[in-house]
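Visitor: Below you'll find query-v7.tsv; it's TSV, C-alpha atoms.
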```
chain	number	residue	atom	x	y	z
A	27	MET	CA	31.07	-41.51	-14.93
A	28	LYS	CA	30.23	-40.31	-11.42
A	29	LYS	CA	32.86	-37.55	-11.71
A	30	ILE	CA	31.41	-36.31	-15.00
A	31	LYS	CA	27.94	-36.25	-13.44
A	32	LEU	CA	29.31	-34.22	-10.54
A	33	ILE	CA	31.11	-31.75	-12.81
A	34	LEU	CA	27.99	-31.29	-14.95
A	35	GLY	CA	25.91	-30.81	-11.80
A	36	MET	CA	28.39	-28.17	-10.65
A	37	LEU	CA	28.20	-26.47	-14.05
A	38	LEU	CA	24.39	-26.53	-14.00
A	39	PHE	CA	23.92	-25.11	-10.50
A	40	GLY	CA	26.80	-22.62	-10.94
A	41	SER	CA	25.28	-21.39	-14.20
A	42	LEU	CA	21.82	-21.07	-12.64
A	43	TRP	CA	23.32	-19.12	-9.74
A	44	GLY	CA	25.17	-16.83	-12.17
A	45	PHE	CA	21.95	-16.40	-14.15
A	46	SER	CA	20.05	-15.37	-11.03
A	47	GLU	CA	22.77	-12.85	-10.10
A	48	VAL	CA	23.11	-11.24	-13.54
A	49	ILE	CA	19.62	-11.51	-15.07
A	50	LEU	CA	17.23	-11.73	-12.11
A	51	GLY	CA	19.35	-9.47	-9.84
A	52	PRO	CA	18.42	-6.16	-11.50
A	53	LEU	CA	14.73	-7.21	-11.62
A	54	ILE	CA	14.61	-8.13	-7.92
A	55	GLY	CA	16.84	-5.21	-6.94
A	56	ASN	CA	17.80	-6.61	-3.53
A	57	GLY	CA	21.00	-8.59	-3.05
A	58	ALA	CA	19.85	-9.95	0.32
A	59	ILE	CA	16.75	-11.58	-1.19
A	60	LEU	CA	18.87	-12.89	-4.06
A	61	THR	CA	21.25	-14.60	-1.63
A	62	GLY	CA	18.59	-15.76	0.82
A	63	ILE	CA	16.46	-17.38	-1.87
A	64	PHE	CA	18.42	-18.16	-5.04
A	65	ALA	CA	22.05	-18.58	-3.94
A	66	LEU	CA	21.07	-20.54	-0.84
A	67	SER	CA	18.65	-22.75	-2.82
A	68	PHE	CA	21.28	-23.69	-5.42
A	69	LEU	CA	24.00	-24.27	-2.81
A	70	PHE	CA	21.78	-26.32	-0.51
A	71	LEU	CA	20.04	-28.30	-3.24
A	72	SER	CA	23.34	-29.28	-4.88
A	73	ARG	CA	24.84	-30.39	-1.53
A	74	MET	CA	21.65	-32.33	-0.76
A	75	ILE	CA	21.71	-34.15	-4.11
A	76	PHE	CA	25.45	-34.75	-4.65
A	77	ARG	CA	26.71	-34.83	-1.02
A	78	PHE	CA	30.15	-33.75	-2.17
A	79	ARG	CA	32.32	-31.25	-0.31
A	80	GLY	CA	34.00	-28.66	-2.55
A	81	MET	CA	31.34	-28.82	-5.25
A	82	GLN	CA	29.72	-25.62	-4.02
A	83	LEU	CA	33.03	-23.76	-4.19
A	84	GLY	CA	33.26	-24.80	-7.84
A	85	MET	CA	29.71	-23.53	-8.36
A	86	GLY	CA	30.75	-20.21	-6.79
A	87	LEU	CA	33.67	-19.91	-9.19
A	88	ILE	CA	31.37	-20.54	-12.18
A	89	ALA	CA	28.75	-18.06	-10.91
A	90	GLY	CA	31.53	-15.57	-10.14
A	91	LEU	CA	32.89	-15.94	-13.66
A	92	LEU	CA	29.42	-15.24	-15.08
A	93	LYS	CA	29.06	-12.18	-12.83
A	94	ILE	CA	31.96	-10.62	-14.75
A	95	PHE	CA	29.54	-10.46	-17.69
A	96	ASP	CA	27.14	-8.25	-15.76
A	97	PRO	CA	26.61	-5.09	-17.86
A	98	ILE	CA	25.69	-3.04	-14.78
A	99	GLY	CA	28.34	-4.56	-12.56
A	100	GLY	CA	30.32	-1.34	-12.34
A	101	THR	CA	34.02	-0.65	-12.76
A	102	CYS	CA	35.20	-3.50	-10.53
A	103	MET	CA	33.23	-6.43	-11.92
A	104	ILE	CA	35.87	-8.92	-10.86
A	105	CYS	CA	35.33	-7.84	-7.22
A	106	SER	CA	31.67	-8.93	-7.40
A	107	GLY	CA	32.78	-12.19	-9.02
A	108	ILE	CA	35.24	-12.90	-6.22
A	109	ALA	CA	32.58	-12.02	-3.63
A	110	ILE	CA	30.26	-14.69	-5.08
A	111	ALA	CA	33.05	-17.27	-4.93
A	112	ALA	CA	33.63	-16.19	-1.32
A	113	GLU	CA	29.94	-16.77	-0.53
A	114	ALA	CA	30.36	-20.34	-1.77
A	115	ALA	CA	33.49	-20.75	0.37
A	116	ILE	CA	31.54	-19.56	3.43
A	117	PHE	CA	28.82	-22.13	2.64
A	118	GLU	CA	31.51	-24.85	2.47
A	119	ILE	CA	32.80	-23.83	5.91
A	120	ILE	CA	29.32	-23.82	7.50
A	121	PHE	CA	28.36	-27.15	5.97
A	122	TYR	CA	31.75	-28.82	6.28
A	123	LYS	CA	30.68	-31.17	9.05
A	124	ILE	CA	27.11	-31.73	7.86
A	125	GLU	CA	27.25	-34.48	5.28
A	126	ASN	CA	23.67	-35.67	5.05
A	127	LEU	CA	21.27	-32.86	4.38
A	128	ASP	CA	18.00	-34.70	4.75
A	129	LEU	CA	14.81	-34.65	6.74
A	130	LYS	CA	16.13	-37.24	9.22
A	131	ASN	CA	18.91	-34.93	10.37
A	132	PHE	CA	16.77	-31.81	10.18
A	133	HIS	CA	13.43	-33.17	11.32
A	134	SER	CA	11.82	-30.13	12.93
A	135	ILE	CA	10.76	-27.00	11.10
A	136	THR	CA	12.51	-24.93	13.81
A	137	LEU	CA	15.82	-26.61	13.07
A	138	GLN	CA	15.36	-26.24	9.30
A	139	SER	CA	14.49	-22.55	9.61
A	140	SER	CA	17.36	-21.96	12.04
A	141	LEU	CA	19.80	-23.47	9.57
A	142	GLY	CA	18.33	-21.24	6.83
A	143	ILE	CA	18.50	-18.08	8.95
A	144	PHE	CA	22.07	-18.63	10.08
A	145	SER	CA	23.52	-19.76	6.76
A	146	ALA	CA	21.76	-17.06	4.65
A	147	TYR	CA	22.83	-14.31	7.06
A	148	VAL	CA	26.48	-15.38	7.30
A	149	ILE	CA	26.80	-16.02	3.54
A	150	TYR	CA	25.25	-12.66	2.62
A	151	VAL	CA	27.07	-10.52	5.18
A	152	GLY	CA	30.35	-12.34	4.48
A	153	GLY	CA	30.03	-11.70	0.73
A	154	TYR	CA	29.06	-8.08	1.37
A	155	ILE	CA	32.10	-7.45	3.59
A	156	ILE	CA	34.42	-9.01	1.02
A	157	THR	CA	33.00	-6.75	-1.74
A	158	GLN	CA	33.51	-3.71	0.47
A	159	ILE	CA	37.14	-4.68	0.99
A	160	LEU	CA	37.98	-5.68	-2.58
A	161	THR	CA	36.41	-2.74	-4.44
A	162	PRO	CA	38.32	0.03	-2.61
A	163	LEU	CA	41.45	-2.17	-2.69
A	164	SER	CA	41.18	-2.36	-6.49
A	165	GLN	CA	41.43	1.46	-6.52
A	166	SER	CA	44.20	1.52	-3.86
A	167	SER	CA	41.74	3.34	-1.64
A	168	PHE	CA	40.97	0.92	1.17
A	169	TYR	CA	40.61	2.34	4.68
A	170	LEU	CA	39.65	0.19	7.66
A	171	SER	CA	37.72	3.10	9.20
A	172	ASN	CA	35.44	3.23	6.12
A	173	LEU	CA	34.73	-0.48	6.50
A	174	PHE	CA	33.87	-0.18	10.19
A	175	VAL	CA	31.42	2.66	9.50
A	176	LYS	CA	29.58	0.42	7.03
A	177	MET	CA	29.34	-2.53	9.43
A	178	PRO	CA	25.98	-1.63	11.07
A	179	GLY	CA	24.41	-1.19	7.62
A	180	MET	CA	25.80	-4.52	6.42
A	181	PHE	CA	24.67	-6.34	9.56
A	182	SER	CA	21.27	-4.72	9.25
A	183	SER	CA	20.74	-5.63	5.58
A	184	GLY	CA	21.59	-9.27	6.35
A	185	LEU	CA	18.31	-9.47	8.24
A	186	ILE	CA	16.36	-9.72	4.96
A	187	ALA	CA	18.63	-12.55	3.78
A	188	ALA	CA	18.15	-14.34	7.10
A	189	LEU	CA	14.35	-14.11	6.92
A	190	SER	CA	14.41	-15.34	3.30
A	191	GLY	CA	16.61	-18.25	4.36
A	192	ALA	CA	14.11	-19.19	7.07
A	193	PHE	CA	11.67	-20.17	4.31
A	194	THR	CA	14.14	-21.36	1.68
A	195	ILE	CA	15.71	-24.29	3.54
A	196	PRO	CA	12.44	-25.88	4.76
A	197	ILE	CA	11.03	-25.66	1.21
A	198	ILE	CA	14.18	-27.17	-0.35
A	199	LEU	CA	14.18	-29.99	2.19
A	200	GLN	CA	10.58	-30.81	1.26
A	201	THR	CA	11.70	-31.54	-2.32
A	202	LYS	CA	13.41	-34.67	-0.93
A	203	LYS	CA	9.97	-36.19	-0.59
A	204	LEU	CA	9.36	-35.88	-4.32
A	205	ASP	CA	12.20	-38.34	-5.06
A	206	ILE	CA	12.79	-37.08	-8.62
A	207	LYS	CA	15.45	-39.01	-10.54
A	208	LEU	CA	16.74	-38.26	-14.01
A	209	LYS	CA	17.90	-41.10	-16.27
A	210	ASP	CA	21.45	-40.85	-17.64
A	211	ARG	CA	20.31	-40.39	-21.24
A	212	LEU	CA	18.32	-37.34	-20.11
A	213	TYR	CA	20.73	-36.09	-17.42
A	214	TYR	CA	23.62	-35.19	-19.73
A	215	PRO	CA	21.70	-33.27	-22.42
A	216	THR	CA	19.50	-31.56	-19.82
A	217	THR	CA	22.36	-30.27	-17.64
A	218	ILE	CA	24.47	-29.21	-20.62
A	219	GLY	CA	21.48	-27.65	-22.38
A	220	ILE	CA	20.29	-25.58	-19.39
A	221	SER	CA	23.85	-24.47	-18.55
A	222	ALA	CA	24.51	-23.45	-22.16
A	223	LEU	CA	21.23	-21.53	-22.26
A	224	CYS	CA	22.20	-19.59	-19.10
A	225	TRP	CA	25.59	-18.70	-20.61
A	226	VAL	CA	24.09	-17.65	-23.95
A	227	ILE	CA	21.49	-15.40	-22.26
A	228	ILE	CA	24.08	-13.80	-19.95
A	229	ILE	CA	26.62	-13.14	-22.70
A	230	THR	CA	23.94	-11.84	-25.10
A	231	ASN	CA	22.65	-9.57	-22.34
A	232	PHE	CA	26.21	-8.31	-21.79
A	233	ILE	CA	26.78	-7.60	-25.48
A	234	ILE	CA	23.45	-5.77	-25.84
A	235	PHE	CA	23.54	-3.63	-22.68
A	236	SER	CA	27.24	-2.94	-22.06
B	26	MET	CA	26.40	-29.61	21.45
B	27	GLY	CA	24.22	-31.21	18.76
B	28	ASN	CA	22.77	-29.48	15.71
B	29	ASP	CA	19.34	-29.52	17.41
B	30	ARG	CA	20.52	-26.88	19.85
B	31	LEU	CA	23.43	-25.28	18.01
B	32	PHE	CA	21.59	-23.94	14.94
B	33	PRO	CA	18.66	-22.36	16.82
B	34	ILE	CA	21.18	-20.56	19.09
B	35	LEU	CA	23.19	-19.38	16.08
B	36	ALA	CA	20.00	-18.27	14.29
B	37	ILE	CA	18.82	-16.25	17.31
B	38	SER	CA	22.30	-14.70	17.61
B	39	VAL	CA	22.41	-13.46	14.00
B	40	LEU	CA	18.80	-12.24	14.22
B	41	LEU	CA	19.71	-10.22	17.32
B	42	ILE	CA	22.77	-8.76	15.56
B	43	GLY	CA	20.55	-7.82	12.59
B	44	ILE	CA	17.81	-6.28	14.74
B	45	VAL	CA	20.20	-4.24	16.92
B	46	SER	CA	22.04	-2.99	13.81
B	47	SER	CA	18.73	-2.00	12.19
B	48	LEU	CA	17.69	-0.04	15.29
B	49	TYR	CA	21.06	1.74	15.31
B	50	VAL	CA	20.80	2.59	11.61
B	51	THR	CA	17.22	3.87	12.04
B	52	ALA	CA	18.27	6.06	14.98
B	53	LEU	CA	21.08	7.58	12.89
B	54	SER	CA	18.73	8.17	9.96
B	55	ASN	CA	16.24	10.05	12.13
B	56	GLU	CA	19.06	12.25	13.40
B	57	GLN	CA	20.14	13.02	9.85
B	58	ASN	CA	16.65	14.03	8.68
B	59	ILE	CA	16.89	17.07	10.97
B	60	LYS	CA	20.17	18.19	9.38
B	61	GLU	CA	19.32	17.74	5.71
B	62	GLU	CA	19.68	21.44	4.77
B	63	ILE	CA	23.28	21.47	6.03
B	64	ILE	CA	26.45	19.97	4.52
B	65	LYS	CA	29.66	19.77	6.55
B	66	ILE	CA	32.88	20.23	4.59
B	67	ASN	CA	36.36	20.45	6.09
B	68	GLY	CA	34.83	20.76	9.57
B	69	PHE	CA	32.54	23.70	8.68
B	70	ASN	CA	28.76	23.61	8.35
B	71	PHE	CA	27.37	25.18	5.18
B	72	ASP	CA	23.77	25.97	4.33
B	73	LYS	CA	23.11	24.22	1.00
B	74	ASN	CA	20.86	27.05	-0.20
B	75	ASP	CA	23.75	29.56	-0.07
B	76	PHE	CA	26.83	27.40	-0.59
B	77	PHE	CA	26.18	26.32	-4.18
B	78	LYS	CA	25.28	29.78	-5.52
B	79	ASP	CA	28.75	30.46	-6.97
B	80	ILE	CA	29.87	26.88	-7.68
B	81	SER	CA	29.86	26.04	-11.39
B	82	GLU	CA	27.86	23.13	-12.75
B	83	LYS	CA	29.38	20.58	-15.11
B	84	THR	CA	28.37	17.40	-16.92
B	85	ILE	CA	30.45	14.24	-16.90
B	86	SER	CA	30.15	10.97	-18.82
B	87	THR	CA	29.85	7.78	-16.76
B	88	ASP	CA	29.09	4.17	-17.65
B	89	ARG	CA	25.51	4.96	-16.63
B	90	GLY	CA	25.12	7.94	-18.93
B	91	GLU	CA	25.75	11.65	-18.48
B	92	LYS	CA	25.51	13.14	-15.00
B	93	THR	CA	25.24	16.81	-14.10
B	94	GLY	CA	26.21	18.41	-10.81
B	95	TYR	CA	28.41	20.92	-9.00
B	96	ALA	CA	32.19	20.76	-9.46
B	97	LEU	CA	33.63	18.97	-6.44
B	98	ASP	CA	37.02	20.69	-6.68
B	99	GLU	CA	35.38	24.12	-6.43
B	100	MET	CA	33.37	22.98	-3.41
B	101	ILE	CA	36.52	21.84	-1.62
B	102	ILE	CA	38.38	25.06	-2.39
B	103	LYS	CA	35.40	27.16	-1.29
B	104	SER	CA	35.33	25.29	2.03
B	105	GLY	CA	38.78	26.68	2.78
B	106	VAL	CA	41.17	23.88	1.85
B	107	THR	CA	44.38	25.47	0.55
B	108	CYS	CA	46.77	22.60	-0.12
B	109	THR	CA	44.29	20.47	-2.06
B	110	ASP	CA	46.86	17.83	-3.11
B	111	CYS	CA	47.98	17.25	0.49
B	112	HIS	CA	44.74	15.65	1.68
B	113	LYS	CA	42.44	12.65	1.35
B	114	TYR	CA	38.71	13.33	1.11
B	115	THR	CA	36.14	11.14	2.83
B	116	PHE	CA	32.49	11.33	1.80
B	117	LYS	CA	30.19	10.34	4.64
B	118	ALA	CA	26.56	9.30	4.45
B	119	VAL	CA	24.12	8.05	7.04
B	120	LEU	CA	20.98	7.24	5.05
B	121	PRO	CA	19.90	4.52	4.31
B	122	ASP	CA	22.77	3.22	6.42
B	123	PRO	CA	26.18	4.51	7.52
B	124	TYR	CA	28.56	4.56	4.58
B	125	GLN	CA	31.76	6.35	3.60
B	126	GLN	CA	34.44	6.32	0.92
B	127	THR	CA	37.80	8.05	0.68
B	128	VAL	CA	39.30	9.48	-2.51
B	129	ASP	CA	42.30	11.55	-3.66
B	130	TRP	CA	42.39	15.06	-5.09
B	131	GLU	CA	42.87	13.59	-8.57
B	132	ASP	CA	39.43	11.97	-8.24
B	133	ILE	CA	37.92	15.14	-6.75
B	134	LYS	CA	38.98	17.07	-9.87
B	135	THR	CA	36.89	14.79	-12.07
B	136	GLY	CA	33.94	14.36	-9.70
B	137	ILE	CA	30.64	16.19	-9.30
B	138	PHE	CA	28.11	16.61	-6.52
B	139	SER	CA	24.41	16.46	-7.34
B	140	LEU	CA	21.85	17.98	-4.99
B	141	ASN	CA	19.38	15.46	-6.34
B	142	ARG	CA	20.00	12.65	-3.79
B	143	ASP	CA	23.13	14.51	-2.46
B	144	ILE	CA	25.28	12.10	-4.44
B	145	VAL	CA	28.84	12.28	-5.77
B	146	TYR	CA	29.70	10.83	-9.18
B	147	PHE	CA	33.21	9.93	-10.31
B	148	PRO	CA	33.66	8.92	-13.96
B	149	ASN	CA	36.64	6.63	-13.29
B	150	LEU	CA	35.78	4.99	-9.98
B	151	PRO	CA	33.55	1.97	-9.21
B	152	HIS	CA	29.93	2.70	-8.32
B	153	SER	CA	30.59	1.93	-4.68
B	154	PHE	CA	32.37	5.31	-4.59
B	155	TRP	CA	29.18	7.05	-5.70
B	156	VAL	CA	28.18	7.85	-2.13
B	157	TYR	CA	24.66	9.28	-1.80
B	158	ASN	CA	22.85	11.15	0.97
B	159	ILE	CA	26.17	12.78	1.87
B	160	VAL	CA	26.16	14.74	5.12
B	161	GLU	CA	29.87	15.46	5.41
B	162	ILE	CA	33.05	15.72	3.36
B	163	GLU	CA	35.92	15.14	5.76
B	164	VAL	CA	39.35	16.47	4.83
B	165	ASP	CA	42.18	14.43	6.37
```
What is this file in structure tokens?
Guide:
Amino acid sequence: MKKIKLILGMLLFGSLWGFSEVILGPLIGNGAILTGIFALSFLFLSRMIFRFRGMQLGMGLIAGLLKIFDPIGGTCMICSGIAIAAEAAIFEIIFYKIENLDLKNFHSITLQSSLGIFSAYVIYVGGYIITQILTPLSQSSFYLSNLFVKMPGMFSSGLIAALSGAFTIPIILQTKKLDIKLKDRLYYPTTIGISALCWVIIITNFIIFS
Amino acid sequence: MGNDRLFPILAISVLLIGIVSSLYVTALSNEQNIKEEIIKINGFNFDKNDFFKDISEKTISTDRGEKTGYALDEMIIKSGVTCTDCHKYTFKAVLPDPYQQTVDWEDIKTGIFSLNRDIVYFPNLPHSFWVYNIVEIEVD
């Protein structure tokens, strides 16, 4: 039963992440904000609730799969999908040794913001670098010199993600105080329902606009 | 070292990397603003007002609609490249941040250059190859 709950939680947060990338992404128009607020929120919140290593990588795979259905994703949509999965893998590495994400371990606002700044920056820049490697590789046109030239721009754009993360983590940690619990009879239909809704909207959007 | 000290140090480090990179990118952008009437192709500087006078315009279909611009292959030939198939072509931009992509002659033949945003469009390549604010086309 616990495993099913975990898998459904992974499906829910992965679908929400995919939804934010595909549907909200074009509206927000800034990948750094998207990572610093939405991706980081879903990754952190799911680790805080389920406390299970590897779950976030699964979420990344689900979100990455949904990203393939992005009508404005360009010619190498699978590259963006892999980059999202890579962002989740980077999160897993950063948070590998931190099991309990709660206010006791991260008591001060400075510590919470620092965690947000560092994780958002590394996740965003890491994902960005991977996209810039995979896309030219998919066209057999990858040159290391091109990647190095882009580095200052990538490092610079990560600043927005870092500043977003500085607010995201303290806010997410505050939700612990609310102590919201969902009963089993509501948990299953709610997670499945919201996930299905995300998938339906994304696929409909793809069919209409591609 | 505990998390209490580790994460603030890591956060300050990434912020410093971000700030220094932003200053570098801004400095490059200011430098480029002075040169915006010039495009460098194959090592030669060309005044944009004169260079495009005898380059034909064409329209291509992309997954983001039709795009019109100057024929890239004619631009390369006009710049003095003789063995067009022998080289790789790197499009370099500085604004809003340093960026470059390298393509083959086969891609050049299908691509166009638009003076609106100084952008190149290729119908068959991912959008990350649509470099804009181009200042140089390097011929390797």
Visitor: Calculate how many Å separate CA of Tyr150 in chain A from CA of Gly184 in chain A, rounding to one decimal.
Guide: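 CA of Gly184 in chain A lies at a distance of 6.2 Å from CA of Tyr150 in chain A.
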Visitor: Given only C-alpha atoms, how would the per-residue table for chain A near chain B read, listing every residue at most 6 Å away with its closest atom pair and distance in Å to one decimal, sorted by chain and number, as a Markdown table?
Guide:
```
| residue | atom | partner | partner_atom | distance |
| --- | --- | --- | --- | --- |
| A:Gly100 | CA | B:Pro151 | CA | 5.6 |
| A:Thr101 | CA | B:Pro151 | CA | 4.4 |
| A:Cys102 | CA | B:Pro151 | CA | 5.9 |
| A:Ser140 | CA | B:Pro33 | CA | 5.0 |
| A:Leu141 | CA | B:Phe32 | CA | 5.7 |
| A:Ile143 | CA | B:Ala36 | CA | 5.5 |
| A:Phe144 | CA | B:Ala36 | CA | 4.7 |
| A:Asn172 | CA | B:Gln125 | CA | 5.4 |
| A:Val175 | CA | B:Pro123 | CA | 5.9 |
| A:Lys176 | CA | B:Tyr124 | CA | 4.9 |
| A:Pro178 | CA | B:Ser46 | CA | 5.0 |
| A:Gly179 | CA | B:Asp122 | CA | 4.9 |
| A:Phe181 | CA | B:Gly43 | CA | 5.3 |
| A:Ser182 | CA | B:Gly43 | CA | 4.6 |
| A:Leu185 | CA | B:Gly43 | CA | 5.2 |
```
Visitor: Please compute the CA of Arg79 in chain A-CA of Gly51 in chain A distance, one decimal, in Å.
Guide: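 The value is 27.1 Å.
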Visitor: Just the number, please: distance in Å from CA of Asn158 in chain B to CA of Ile137 in chain B, one decimal.
Guide: 13.8 Å
Visitor: Let me have the centre and edge lengths in Å, one decimal, of the box along x, y and z around every listed atom of range 43-57 of chain A with 6 Å of margin on each side, as lines of an AutoDock Vina configuration file.
Guide:
```
center_x = 19.9
center_y = -12.2
center_z = -9.1
size_x = 22.6
size_y = 25.9
size_z = 24.0
```
Visitor: Any idea what's packed within 12 Å of Ile102 in chain B, counting only C-alpha atoms, ignoring anything in its chain fewer than 4 positions away? Could you give it as a list in words?
Guide: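 The neighbour list is Ile66, Asn67, Phe76, Asp79, Ile80, Ala96, Leu97, Asp98, Val106, Thr107, Cys108, Thr109, Asp110, Trp130, Ile133, Lys134 and Val164 of chain B.
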Visitor: My list of candidates is B:Ile159, B:Cys111, B:Ile85, B:Ile101. Which is closest to Gly136 in chain B when distances are computed with only C-alpha atoms?
Guide: B:Ile85
Visitor: Using all atoms listed in the file, determine which residues lie at most 12 Å from range 197-206 of chain A, disregarding the query and same-chain residues fewer than 2 positions distant; provide the list as a PyMOL selection string.
Guide: chain A and resi 63-64+66-75+126-135+137-139+141-142+190-195+208-209+213
Visitor: Kindly provide, as a list in words, the polymer residues lying within 8 Å of (28.6, -21.6, -2.8), counting all atoms listed in the file and using the coordinates exactly as they appear in the file.
Guide: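 Those residues, ordered by chain and then number, are Ala65, Leu66, Leu69, Gln82, Leu83, Gly84, Met85, Gly86, Ile110, Ala111, Ala112, Glu113, Ala114, Ala115, Ile116, Phe117 and Glu118 of chain A.
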Visitor: Which residues, protein or nucleic acid, reach to within 6 Å of (22.9, 12.9, 0.6) in the file's coordinates when using all atoms listed in the file, and can you give that as a list in words?
Guide: Arg142, Asp143, Ile144, Tyr157, Asn158, Ile159 and Val160 of chain B
